[in-house]
2 protein chains.
Amino acid sequence: MWTFDHFPTAKVAKTYGAGPSAAFLDHVRKSSLRVAGGCSASFISPNGLVMTNHHCVVECVGGLSTSTQNYVENGFITHSTADERECPDFEIDQLVAITDISRTIQSAIAGKSGAAQNAALRAAQAAAQATCGKDPAVRCDVVSLYHGGVYDLYRYKRYQDVRLAFAPEFSVAQYGGDPDNFNFPRFNFDIGLLRVYENGKPAVTPDYLRFSPNGTKAGELIYVSGNPGGTDRELTLSQLVYQRDYALPATLSLLAERRGIIEDFQRLGSEQRREANEDRFYTENSIKAFTGERYALVDPAFFAKKVREERELRAAVAKNPKLAGYASAWDQIAAVQTVRLRMSAQIQATSTFRRGLFDDAFALVRAGDERLKPNAVRLPEYTDAGLVGIAASLEANQPTYLDLEERQQAFNFDHLRAVLGADNPLTKTFLGRESPDGLAHRLFSQTKLGDAAVRKALFDGGAPAIAASTDPLIVYARSIDPTLRAIRKATEDQIDAPTRSAAERIAKARFAVYGSSVDPDATFSPRLSYGAVKGFDDASGTFVPPYTTIGGLFGRTTGAAPYVLPKSWLDAQSSLDPATPMNFSGTLDVVGGNSGSPVVNAQGQVVGLLFDGNIFSLGGDYGYDAAKNRSIAVDSRALIAGLSKVYHADSLVSEIETAAAK
Amino acid sequence: MWTFDHFPTAKVAKTYGAGPSAAFLDHVRKSSLRVAGGCSASFISPNGLVMTNHHCVVECVGGLSTSTQNYVENGFITHSTADERECPDFEIDQLVAITDISRTIQSAIAGKSGAAQNAALRAAQAAAQATCGKDPAVRCDVVSLYHGGVYDLYRYKRYQDVRLAFAPEFSVAQYGGDPDNFNFPRFNFDIGLLRVYENGKPAVTPDYLRFSPNGTKAGELIYVSGNPGGTDRELTLSQLVYQRDYALPATLSLLAERRGIIEDFQRLGSEQRREANEDRFYTENSIKAFTGERYALVDPAFFAKKVREERELRAAVAKNPKLAGYASAWDQIAAVQTVRLRMSAQIQATSTFRRGLFDDAFALVRAGDERLKPNAVRLPEYTDAGLVGIAASLEANQPTYLDLEERQQAFNFDHLRAVLGADNPLTKTFLGRESPDGLAHRLFSQTKLGDAAVRKALFDGGAPAIAASTDPLIVYARSIDPTLRAIRKATEDQIDAPTRSAAERIAKARFAVYGSSVDPDATFSPRLSYGAVKGFDDASGTFVPPYTTIGGLFGRTTGAAPYVLPKSWLDAQSSLDPATPMNFSGTLDVVGGNSGSPVVNAQGQVVGLLFDGNIFSLGGDYGYDAAKNRSIAVDSRALIAGLSKVYHADSLVSEIETAAAK
């Protein structure tokens with residue numbers, strides 16, 4: 001997961017004969033995109049056509065659907081740009097420039113700790129972002145690499161007019177559903193096509209990736225360009241133990257119960273099934289992801305490697321008097337874990353609050369308060385730069401499902417009480433004398449926040465409008481916000497700041513001992529990984545070959561969900577070559593956030609569309625295991641075959657192929 | 001958790017001045033009872049009146065309820081024995097005699113391993129049970145103490161005509177619901193009264209416990225006589241790690257999801273709420289219990305103590321050449337954990353099958369098959385001794401809720417597929433090409449097993465009737481049973497047998513090093529523990545006093561579930577003394593199975609009714625921590641006040657008080 005400005009070209013050349021040229025790196029970086037919210041994408045034509053995964057656009061597909069026109073179930077196919085429809089609250093970012101601002105940030109926080117460090121960091125970051133000006137089409141993020149070893153300012157071109165051009169039916173996009181998720185062999189047609197617009201017209205995007213006419217062969221060198229969301233490979237043992245023993249089990253139990261609730265909500269009827277579809281996907285996906293992460297941490301061999309690595313680094317630090325200042329950092333982080341455990345109930349109890357209208361209410365209350373303050377002392381997401389995204393999200397005309405939100409929030413309140421205990425003063429603050437169900441019902445049965453115009457009026461009206469509002473969600477958010485802020489501040493001052501200080505010292509120790517021969521932890525910013533098309537041995541030792549085929553897709557279909565194919569595919573079966581590669585596995589080092597990344601060959605041509613990893617890839621959060629960790633992509637040959645022979649999306653296919661031939 | 005025949009009287013005397021006399025032990029043992037299915041109880045009058053917890057009789061209360069007469073919600077109060085109603089499928093056992101059969105059993109299995117050991121053990125146990133004859137009023141169990149260090153034959157008097165005499169409303173019995181469960185302060189009126197009958201008349205039970213007129217004082221010596229269900233205090237480190245890292249997290253996720261499903265099932269309507277009430281309680285209770293167990297194992301201090309203990313014992317074995325034969329036992333158990341992990345998916349996937357009619361179908365199929373074999377080679381629960389309980393259970397006229405069972409089984413099938421993976425041959429065996437929902441619907445929409453007469457006919461008809469049945473549940477059970485038996489056999493031969501052999505060697509090593517100064521792991525057989533009425537410091541260090549009061553109960557009531565009081569209590573408030581002790585905490589060493597145990601003072605008088613422990617008591621599965629582990633009981637003074645002033649159950653109060661005065 002290398003940054004584009006420090007790619008180990010020589011290392012690639014050593015293994016594969018040749019590494020990427022500077023022109024290749026530049027071209028791939030400019031053609032690659034980030035989907036705000038957690039995915040990756042790429043331009044595949046000069047007219048703003050964007051390729052990503054279906055599961056990265058499903059929120060848009062759901063948002064455009066109604067109870068009578070269900071694009072999630074039936075797919076969304078266009079035959080000209082006139083059919084394309086704007087995705088509510090979608091943002092796509094293209095990285096334009098990286099500036100090293102390490103010295104500015106590090107000197108601002110030097111010698112400070114706790115609350116003072118947080119305030120200084122916030123002010124320095126806000127100042128750095130402010131240098132980008134106020135053009136909403138420019139987005140600037142401060143990216144901290146190596147846990148504060150490096151700070152960069154990433155400047156993006158921001159696209160906010162994003163339209164849906166193509167989405168297949170959910171059943172084939174996410175074929176095999178939860179049972180197949182994070183497994184291989186796979187047979188998914190997990191693609192979504194978007195188009196970015198400027199001034200009401202398709203954007204002109206001269207940097208784009210060309211489709212390969214030939215796909216790949218087993219063993220071939222491939223690259224993946226995307227935005228891995230976050231990894232924890234530099235965590236200390238005490239942090240890993242905390243993850244293993246407390247954080248992951250608590251999260252998994254919460255998610256499992258939520259899954260049960262969603263499942264049964266969906267049984268109430270087809271409308272409820274539609275409403276909760278996304279929630280279900282994300283919940284199931286998270287369960288598998290965290291399960292995989294936990295498995296890595298309880299794997300004795302994996303954990304032993306972590307123990308060995310930490311011991312070696314600490315021994316090297318202990319031996320070198322120049323590094324004496326770093327030696328206590330590990331114990332400092334261990335001490336923070338005790339604080340974390342003590343604060344875990346309140347953090348966990350309120351962790352579920354960031355959802356839907358409930359979250360919107362808090363965003364409105366906070367946006368009102370924060371705008372009264374100077375930029376430098378605001379909560380970071382409410383700086384002028386941050387408010388662009390918040391405003392877009394609040395004002396987007398997205399469907400809201402009050403019944404589902406009420407159910408989810410009732411569960412969240414119930415979970416809060418279970419975690420904190422009935423006698424905890426915080427429980428009384430959040431619930432008063434109401435029951436979880438009663439409170440959720442009172443809030444959601446009368447709120448008007450489901451109306452985007454109401455949200456916009458409250459946002460535009462700022463603090464006075466918020467103070468005057470009698471909307472029950474706003475009233476509740478107002479009353480609770482000081483408590484939530486206090487919890488957040490305690491977390492930042494007592495956990496985040498001391499962790500940051502110690503982690504930075506460990507990062508410096510690591511640099512001093514090993515140099516920059518390791519890639520930094522992922523931070524949902526553009527990275528390039530390399531590897532090969534390759535199968536793997538499964539848990540029983542059987543070799544799983546790297547390609548599946550379209551024939552295999554039809555063979556796997558039982559007719560019962562999640563192994564059903566839509567009519568479009570069944571109708572097209574005779575016109576499809578069963579030998580066409582469907583999905584393939586490779587050794588690319590990817591994690592969540594990489595979804596939608598283009599997989600390119602040594603010529604920079606698209607040969608696949610990354611959408612997942614195998615179950616062992618989930619341990620990748622804590623470390624990359626070349627023997628077992630595999631990425632999974634849709635083969636470019638299946639993409640073209642599907643678009644042309646199944647969906648007859650001729651104008652899109654022609655646009656892609658014409659662009660590729662240029 | 002001492003057995004009555006090896007109680008450490010001298011140890012009690014050393015701390016408290018006097019230990020129990022032989023007469024005391026004899027009297028308490030004979031007055032104590034076991035409720036088959038997992039609870040404890042005691043006789044409190046010479047006319048067969050039995051005291052246990054509400055949560056131990058709630059299944060009966062639910063079974064007697066209908067959609068129009070909900071005794072769970074409204075309580076069940078009798079004013080004469082004529083009002084008492086028989087509990088479907090209830091069994092109460094009174095321990096009559098203990099015979100040491102260690103030599104017989106140990107010589108039968110000596111030198112055998114794997115399948116041969118299992119077969120020999122089964123035959124020896126069946127033979128021992130057969131010595132008790134065929135009288136269904138006599139129950140004989142082989143109890144293995146110290147993991148095979150001792151084998152005893154426990155002879156019980158079995159009561160199968162058990163009638164409900166009193167149950168309060170669920171809301172006050174389990175006041176505070178899941179949030180308060182396993183917490184203290186508590187305010188529960190968790191009592192249920194039963195009566196055992198012989199020949200249609202109240203049984204004559206000369207051994208019974210007398211109620212104390214005075215209750216207890218803080219610091220007073222108390223005893224609890226009950227049947228702790230099972231502890232794991234002698235597990236090796238590798239077994240504890242397996243529990244901590246694999247078994248408990250997997251179980252907790254399963255239960256959390258099930259809880260979500262039950263919650264939403266209950267939202268479908270008041271009838272569904274009633275149907276799933278018990279399931280919800282057991283599920284929530286299990287979640288808390290396993291959570292507490294896991295907390296103990298991830299507590300560094302607790303685990304360090306376990307590490308120290310094992311190191312010390314192994315060092316002592318290593319030092320003594322006479323014990324050389326035991327030294328490899330720990331590594332042998334560690335090797336078994338690898339096997340367990342390899343087999344865990346199939347075990348976990350099928351662990352959910354033992355429920356309701358689905359389980360009845362398997363019991364019918366197996367009862368048919370097993371009765372064709374000689375007693376000694378049958379599955380142990382299908383020996384002549386075991387069949388008494390199975391027949392009673394199958395033939396009991398219990399209500400069945402097909403909608404709930406279908407939903408639960410659909411979830412179980414879904415869970416099976418998730419755990420095994422869609423490509424696992426076992427998934428195909430269990431699901432064929434059907435979806436989890438489709439299969440469950442097919443099985444439950446057409447089965448006739450909900451009718452007790454149909455079950456009885458199939459049981460009585462044996463193998464030929466089973467072979468001829470076209471009931472979809474029977475057909476399914478027939479087709480799947482060989483696979484389930486194979487999984488069970490593999491588990492027994494590859495996990496249970498080698499674990500038993502090694503654990504027995506470790507038990508012998510422990511005897512050799514420490515003598516019999518430790519109590520054996522609990523085995524749901526009668527035990528006596530001692531301790532004192534005592535408060536504790538909660539997680540934040542605040543002292544929690546040992547008594548709550550009836551006034552506190554009213555003060556805690558918000559009117560929103562689970563903090564609502566039924567009308568009976570609200571009406572009686574003015575007649576109750578708010579200072580009356582409601583619940584109390586003590587240092588008694590108890591675990592699940594102890595529910596319903598009488599708490600008695602040094603005179604053997606009832607001073608409380610045990611119903612729970614605090615959150616730290618859950619770690620008691622792995623070891624007793626005197627500083628934090630607390631038992632929780634209803635105070636006898638609250639019991640009498642409630643029965644007389646709230647429920648006006650005058651005939652029962654008079655029976656109890658008259659008996660006490662004798």
# chains A, B, ... in the order shown; residues from 1 in each chain; ligands from 1
call {"tool": "closest_atom_pairs", "arguments": {"of": "chain B", "to": "chain A", "cutoff": "8 Å", "atoms": "only C-alpha atoms", "output": "CSV"}}
result
residue,atom,partner,partner_atom,distance
B:Asp178,CA,A:Ala418,CA,7.5
B:Pro179,CA,A:Ala418,CA,5.3
B:Asp180,CA,A:Ala422,CA,6.8
B:Asp245,CA,A:Val298,CA,6.1
B:Pro249,CA,A:Pro249,CA,6.5
B:Leu252,CA,A:Ser253,CA,6.4
B:Ser253,CA,A:Ser253,CA,5.0
B:Leu254,CA,A:Ala256,CA,7.2
B:Leu255,CA,A:Glu257,CA,8.0
B:Ala256,CA,A:Glu257,CA,4.5
B:Glu257,CA,A:Glu257,CA,4.0
B:Arg258,CA,A:Gly260,CA,6.3
B:Arg259,CA,A:Glu257,CA,6.2
B:Gly260,CA,A:Gly260,CA,4.2
B:Ile261,CA,A:Gly260,CA,4.6
B:Glu263,CA,A:Ile261,CA,7.3
B:Asp264,CA,A:Asp264,CA,5.8
B:Phe265,CA,A:Asp264,CA,6.9
B:Val298,CA,A:Asp245,CA,6.1
B:Arg417,CA,A:Pro179,CA,6.8
B:Ala418,CA,A:Pro179,CA,5.4
B:Gly421,CA,A:Pro179,CA,5.9
B:Ala422,CA,A:Pro179,CA,5.9
B:Arg433,CA,A:Thr558,CA,6.1
B:Glu434,CA,A:Ala560,CA,6.5
B:Ser435,CA,A:Ala560,CA,5.6
B:Thr558,CA,A:Arg433,CA,6.0
B:Ala560,CA,A:Ser435,CA,5.6
B:Ala561,CA,A:Ser435,CA,6.6
call {"tool": "write_last_selection", "arguments": {"atoms": "C-alpha atoms", "output": "PDB file, in the first residue's frame"}}
result
ATOM      1  CA  ASP B 178     -32.086  -7.901  31.186  1.00  0.00           C
ATOM      2  CA  PRO B 179     -30.519  -4.595  32.299  1.00  0.00           C
ATOM      3  CA  ASP B 180     -30.577  -5.632  35.972  1.00  0.00           C
ATOM      4  CA  ASP B 245     -10.663 -17.058  21.706  1.00  0.00           C
ATOM      5  CA  PRO B 249     -16.962 -15.393  20.973  1.00  0.00           C
ATOM      6  CA  LEU B 252     -21.913 -14.871  21.904  1.00  0.00           C
ATOM      7  CA  SER B 253     -22.328 -13.785  18.309  1.00  0.00           C
ATOM      8  CA  LEU B 254     -24.843 -16.536  17.707  1.00  0.00           C
ATOM      9  CA  LEU B 255     -26.841 -15.563  20.788  1.00  0.00           C
ATOM     10  CA  ALA B 256     -26.722 -11.862  20.005  1.00  0.00           C
ATOM     11  CA  GLU B 257     -28.188 -12.465  16.588  1.00  0.00           C
ATOM     12  CA  ARG B 258     -30.809 -14.748  18.052  1.00  0.00           C
ATOM     13  CA  ARG B 259     -31.714 -12.053  20.547  1.00  0.00           C
ATOM     14  CA  GLY B 260     -32.272  -9.610  17.691  1.00  0.00           C
ATOM     15  CA  ILE B 261     -34.542 -12.090  15.960  1.00  0.00           C
ATOM     16  CA  GLU B 263     -36.940  -9.089  19.839  1.00  0.00           C
ATOM     17  CA  ASP B 264     -38.381  -8.453  16.432  1.00  0.00           C
ATOM     18  CA  PHE B 265     -40.523 -11.557  16.489  1.00  0.00           C
ATOM     19  CA  VAL B 298      -9.591 -11.676  29.328  1.00  0.00           C
ATOM     20  CA  ARG B 417     -24.605 -22.137   6.098  1.00  0.00           C
ATOM     21  CA  ALA B 418     -22.783 -19.070   7.364  1.00  0.00           C
ATOM     22  CA  GLY B 421     -19.782 -21.925   4.007  1.00  0.00           C
ATOM     23  CA  ALA B 422     -21.918 -22.513   0.961  1.00  0.00           C
ATOM     24  CA  ARG B 433     -30.762 -26.856  -2.847  1.00  0.00           C
ATOM     25  CA  GLU B 434     -33.313 -25.236  -0.566  1.00  0.00           C
ATOM     26  CA  SER B 435     -32.935 -21.840   1.067  1.00  0.00           C
ATOM     27  CA  THR B 558     -40.479   4.130  36.391  1.00  0.00           C
ATOM     28  CA  ALA B 560     -41.713   1.704  31.705  1.00  0.00           C
ATOM     29  CA  ALA B 561     -40.636  -1.911  31.254  1.00  0.00           C
TER      30      ALA B 561
END
call {"tool": "closest_atom_pairs", "arguments": {"of": "region 523-606 of chain B", "to": "region 193-211 of chain B", "cutoff": "12 Å", "atoms": "only C-alpha atoms", "output": "Markdown table"}}
result
| residue | atom | partner | partner_atom | distance |
| --- | --- | --- | --- | --- |
| B:Gly596 | CA | B:Leu193 | CA | 10.2 |
| B:Ser597 | CA | B:Leu209 | CA | 11.5 |
| B:Pro598 | CA | B:Leu209 | CA | 8.5 |
| B:Val599 | CA | B:Leu209 | CA | 10.1 |
| B:Val600 | CA | B:Leu209 | CA | 8.5 |
| B:Asn601 | CA | B:Phe211 | CA | 10.0 |
| B:Gln603 | CA | B:Arg210 | CA | 9.5 |
| B:Gly604 | CA | B:Leu209 | CA | 7.0 |
| B:Gln605 | CA | B:Arg210 | CA | 5.1 |
| B:Val606 | CA | B:Phe211 | CA | 4.5 |
call {"tool": "write_last_selection", "arguments": {"atoms": "all heavy atoms", "output": "PDB file, in the first residue's frame"}}
result
ATOM      1  N   GLY B 596     -32.853 -21.166  42.471  1.00  0.00           N
ATOM      2  CA  GLY B 596     -33.891 -21.841  43.226  1.00  0.00           C
ATOM      3  C   GLY B 596     -33.392 -22.500  44.487  1.00  0.00           C
ATOM      4  O   GLY B 596     -34.185 -23.073  45.248  1.00  0.00           O
ATOM      5  N   SER B 597     -32.088 -22.440  44.723  1.00  0.00           N
ATOM      6  CA  SER B 597     -31.530 -23.078  45.926  1.00  0.00           C
ATOM      7  C   SER B 597     -31.983 -22.334  47.178  1.00  0.00           C
ATOM      8  O   SER B 597     -32.021 -21.106  47.195  1.00  0.00           O
ATOM      9  CB  SER B 597     -29.992 -23.013  45.899  1.00  0.00           C
ATOM     10  OG  SER B 597     -29.476 -23.706  44.797  1.00  0.00           O
ATOM     11  N   PRO B 598     -32.264 -23.076  48.243  1.00  0.00           N
ATOM     12  CA  PRO B 598     -32.538 -22.414  49.510  1.00  0.00           C
ATOM     13  C   PRO B 598     -31.236 -21.886  50.104  1.00  0.00           C
ATOM     14  O   PRO B 598     -30.201 -22.545  50.026  1.00  0.00           O
ATOM     15  CB  PRO B 598     -33.103 -23.543  50.371  1.00  0.00           C
ATOM     16  CG  PRO B 598     -32.453 -24.791  49.835  1.00  0.00           C
ATOM     17  CD  PRO B 598     -32.326 -24.560  48.351  1.00  0.00           C
ATOM     18  N   VAL B 599     -31.322 -20.683  50.679  1.00  0.00           N
ATOM     19  CA  VAL B 599     -30.203 -20.178  51.480  1.00  0.00           C
ATOM     20  C   VAL B 599     -30.622 -20.383  52.929  1.00  0.00           C
ATOM     21  O   VAL B 599     -31.704 -19.943  53.339  1.00  0.00           O
ATOM     22  CB  VAL B 599     -29.946 -18.684  51.200  1.00  0.00           C
ATOM     23  CG1 VAL B 599     -28.794 -18.169  52.070  1.00  0.00           C
ATOM     24  CG2 VAL B 599     -29.639 -18.470  49.720  1.00  0.00           C
ATOM     25  N   VAL B 600     -29.795 -21.093  53.705  1.00  0.00           N
ATOM     26  CA  VAL B 600     -30.179 -21.403  55.086  1.00  0.00           C
ATOM     27  C   VAL B 600     -29.137 -20.860  56.053  1.00  0.00           C
ATOM     28  O   VAL B 600     -27.978 -20.649  55.694  1.00  0.00           O
ATOM     29  CB  VAL B 600     -30.357 -22.931  55.307  1.00  0.00           C
ATOM     30  CG1 VAL B 600     -31.449 -23.479  54.393  1.00  0.00           C
ATOM     31  CG2 VAL B 600     -29.049 -23.681  55.081  1.00  0.00           C
ATOM     32  N   ASN B 601     -29.583 -20.610  57.285  1.00  0.00           N
ATOM     33  CA  ASN B 601     -28.660 -20.145  58.317  1.00  0.00           C
ATOM     34  C   ASN B 601     -28.045 -21.353  59.044  1.00  0.00           C
ATOM     35  O   ASN B 601     -28.270 -22.507  58.641  1.00  0.00           O
ATOM     36  CB  ASN B 601     -29.371 -19.185  59.294  1.00  0.00           C
ATOM     37  CG  ASN B 601     -30.550 -19.863  59.991  1.00  0.00           C
ATOM     38  OD1 ASN B 601     -30.642 -21.101  60.011  1.00  0.00           O
ATOM     39  ND2 ASN B 601     -31.442 -19.066  60.555  1.00  0.00           N
ATOM     40  N   GLN B 603     -28.764 -22.728  61.624  1.00  0.00           N
ATOM     41  CA  GLN B 603     -29.772 -23.648  62.180  1.00  0.00           C
ATOM     42  C   GLN B 603     -30.498 -24.421  61.077  1.00  0.00           C
ATOM     43  O   GLN B 603     -31.444 -25.168  61.362  1.00  0.00           O
ATOM     44  CB  GLN B 603     -30.804 -22.870  63.011  1.00  0.00           C
ATOM     45  CG  GLN B 603     -30.252 -22.321  64.331  1.00  0.00           C
ATOM     46  CD  GLN B 603     -29.345 -21.132  64.105  1.00  0.00           C
ATOM     47  OE1 GLN B 603     -29.690 -20.192  63.405  1.00  0.00           O
ATOM     48  NE2 GLN B 603     -28.142 -21.179  64.688  1.00  0.00           N
ATOM     49  N   GLY B 604     -30.103 -24.198  59.836  1.00  0.00           N
ATOM     50  CA  GLY B 604     -30.765 -24.899  58.743  1.00  0.00           C
ATOM     51  C   GLY B 604     -32.108 -24.281  58.358  1.00  0.00           C
ATOM     52  O   GLY B 604     -32.882 -24.904  57.630  1.00  0.00           O
ATOM     53  N   GLN B 605     -32.364 -23.063  58.844  1.00  0.00           N
ATOM     54  CA  GLN B 605     -33.631 -22.401  58.499  1.00  0.00           C
ATOM     55  C   GLN B 605     -33.491 -21.576  57.223  1.00  0.00           C
ATOM     56  O   GLN B 605     -32.450 -20.945  56.988  1.00  0.00           O
ATOM     57  CB  GLN B 605     -34.057 -21.462  59.633  1.00  0.00           C
ATOM     58  CG  GLN B 605     -34.404 -22.178  60.920  1.00  0.00           C
ATOM     59  CD  GLN B 605     -34.527 -21.174  62.057  1.00  0.00           C
ATOM     60  OE1 GLN B 605     -33.675 -20.295  62.227  1.00  0.00           O
ATOM     61  NE2 GLN B 605     -35.598 -21.313  62.830  1.00  0.00           N
ATOM     62  N   VAL B 606     -34.563 -21.518  56.452  1.00  0.00           N
ATOM     63  CA  VAL B 606     -34.554 -20.739  55.212  1.00  0.00           C
ATOM     64  C   VAL B 606     -34.481 -19.247  55.541  1.00  0.00           C
ATOM     65  O   VAL B 606     -35.353 -18.703  56.226  1.00  0.00           O
ATOM     66  CB  VAL B 606     -35.832 -20.995  54.385  1.00  0.00           C
ATOM     67  CG1 VAL B 606     -35.874 -20.054  53.169  1.00  0.00           C
ATOM     68  CG2 VAL B 606     -35.907 -22.452  53.937  1.00  0.00           C
TER      69      VAL B 606
END
call {"tool": "atom_distance", "arguments": {"atom1": "CA of Val365 (chain B)", "atom2": "CA of Gly450 (chain B)"}}
result
15.7 Å
call {"tool": "select_by_dssp", "arguments": {"residues": "region 307-540 of chain A", "states": "alpha helix (DSSP H)", "output": "MDAnalysis selection string"}}
result
chainID A and resid 307:319 329:350 356:370 384:395 402:420 425:431 436:446 452:468 472:491 497:514
call {"tool": "closest_residue", "arguments": {"among": "A:Ser212, A:Lys534, A:Asp384, A:Thr131", "to": "Ile44 (chain A)", "atoms": "only C-alpha atoms"}}
result
A:Ser212
call {"tool": "residues_around", "arguments": {"residues": "Phe554 (chain A)", "least_positions_apart": "3", "cutoff": "9 Å", "atoms": "only C-alpha atoms", "output": "list of chain:residue names"}}
result
A:Ile550, A:Gly551, A:Thr557, A:Thr558, A:Leu565, A:Trp569, A:Leu570, A:Gln573, A:Pro578
call {"tool": "write_last_selection", "arguments": {"atoms": "C-alpha atoms", "output": "mmCIF file, in the first residue's frame"}}
result
data_model
loop_
_atom_site.group_PDB
_atom_site.id
_atom_site.type_symbol
_atom_site.label_atom_id
_atom_site.label_comp_id
_atom_site.auth_asym_id
_atom_site.auth_seq_id
_atom_site.Cartn_x
_atom_site.Cartn_y
_atom_site.Cartn_z
ATOM 1 C CA ILE A 550 -19.211 -17.420 -16.439
ATOM 2 C CA GLY A 551 -20.083 -21.105 -16.855
ATOM 3 C CA THR A 557 -27.197 -21.067 -9.443
ATOM 4 C CA THR A 558 -29.845 -22.933 -7.431
ATOM 5 C CA LEU A 565 -29.656 -15.007 -11.322
ATOM 6 C CA TRP A 569 -28.550 -13.234 -17.280
ATOM 7 C CA LEU A 570 -30.738 -16.295 -17.748
ATOM 8 C CA GLN A 573 -26.930 -17.507 -21.221
ATOM 9 C CA PRO A 578 -19.021 -20.190 -20.485
#
call {"tool": "select_by_dssp", "arguments": {"residues": "region 57-117 of chain A", "states": "strand (DSSP E)", "output": "list in words"}}
result
Phe76, Ile77, Arg85, Glu86, Ile92, Asp93, Gln94, Leu95, Val96, Ala97, Ile98, Thr99 and Asp100 of chain A
call {"tool": "closest_residue", "arguments": {"among": "A:Asn188, A:Gly226, A:Ala385, A:Arg488", "to": "Thr548 (chain A)", "atoms": "only C-alpha atoms"}}
result
A:Asn188
call {"tool": "decode", "arguments": {"residues": "region 162-171 of chain B", "atoms": "N, CA, C and O atoms", "output": "PDB file, in the first residue's frame"}}
result
ATOM      1  N   VAL B 162     -45.827 -32.937  39.067  1.00  0.00           N
ATOM      2  CA  VAL B 162     -45.411 -31.694  39.710  1.00  0.00           C
ATOM      3  C   VAL B 162     -46.426 -30.630  39.335  1.00  0.00           C
ATOM      4  O   VAL B 162     -46.728 -30.460  38.153  1.00  0.00           O
ATOM      5  N   ARG B 163     -46.991 -29.963  40.326  1.00  0.00           N
ATOM      6  CA  ARG B 163     -48.047 -28.990  40.034  1.00  0.00           C
ATOM      7  C   ARG B 163     -47.647 -27.579  40.478  1.00  0.00           C
ATOM      8  O   ARG B 163     -46.929 -27.414  41.469  1.00  0.00           O
ATOM      9  N   LEU B 164     -48.164 -26.634  39.763  1.00  0.00           N
ATOM     10  CA  LEU B 164     -47.871 -25.235  40.058  1.00  0.00           C
ATOM     11  C   LEU B 164     -48.801 -24.742  41.151  1.00  0.00           C
ATOM     12  O   LEU B 164     -50.028 -24.868  41.045  1.00  0.00           O
ATOM     13  N   ALA B 165     -48.204 -24.172  42.213  1.00  0.00           N
ATOM     14  CA  ALA B 165     -49.012 -23.653  43.315  1.00  0.00           C
ATOM     15  C   ALA B 165     -49.001 -22.126  43.358  1.00  0.00           C
ATOM     16  O   ALA B 165     -49.959 -21.499  43.795  1.00  0.00           O
ATOM     17  N   PHE B 166     -47.917 -21.531  42.906  1.00  0.00           N
ATOM     18  CA  PHE B 166     -47.856 -20.065  42.957  1.00  0.00           C
ATOM     19  C   PHE B 166     -46.777 -19.547  42.010  1.00  0.00           C
ATOM     20  O   PHE B 166     -45.662 -20.067  41.966  1.00  0.00           O
ATOM     21  N   ALA B 167     -47.139 -18.528  41.259  1.00  0.00           N
ATOM     22  CA  ALA B 167     -46.146 -17.788  40.465  1.00  0.00           C
ATOM     23  C   ALA B 167     -46.578 -16.334  40.443  1.00  0.00           C
ATOM     24  O   ALA B 167     -47.733 -16.049  40.145  1.00  0.00           O
ATOM     25  N   PRO B 168     -45.683 -15.406  40.781  1.00  0.00           N
ATOM     26  CA  PRO B 168     -46.042 -13.989  40.694  1.00  0.00           C
ATOM     27  C   PRO B 168     -46.022 -13.533  39.231  1.00  0.00           C
ATOM     28  O   PRO B 168     -45.696 -14.320  38.332  1.00  0.00           O
ATOM     29  N   GLU B 169     -46.354 -12.290  39.000  1.00  0.00           N
ATOM     30  CA  GLU B 169     -46.282 -11.716  37.668  1.00  0.00           C
ATOM     31  C   GLU B 169     -44.811 -11.653  37.232  1.00  0.00           C
ATOM     32  O   GLU B 169     -43.922 -11.331  38.031  1.00  0.00           O
ATOM     33  N   PHE B 170     -44.587 -11.914  35.959  1.00  0.00           N
ATOM     34  CA  PHE B 170     -43.239 -11.881  35.386  1.00  0.00           C
ATOM     35  C   PHE B 170     -42.536 -10.557  35.704  1.00  0.00           C
ATOM     36  O   PHE B 170     -41.348 -10.528  36.023  1.00  0.00           O
ATOM     37  N   SER B 171     -43.288  -9.456  35.638  1.00  0.00           N
ATOM     38  CA  SER B 171     -42.669  -8.134  35.767  1.00  0.00           C
ATOM     39  C   SER B 171     -42.022  -7.921  37.132  1.00  0.00           C
ATOM     40  O   SER B 171     -41.023  -7.211  37.221  1.00  0.00           O
TER      41      SER B 171
END
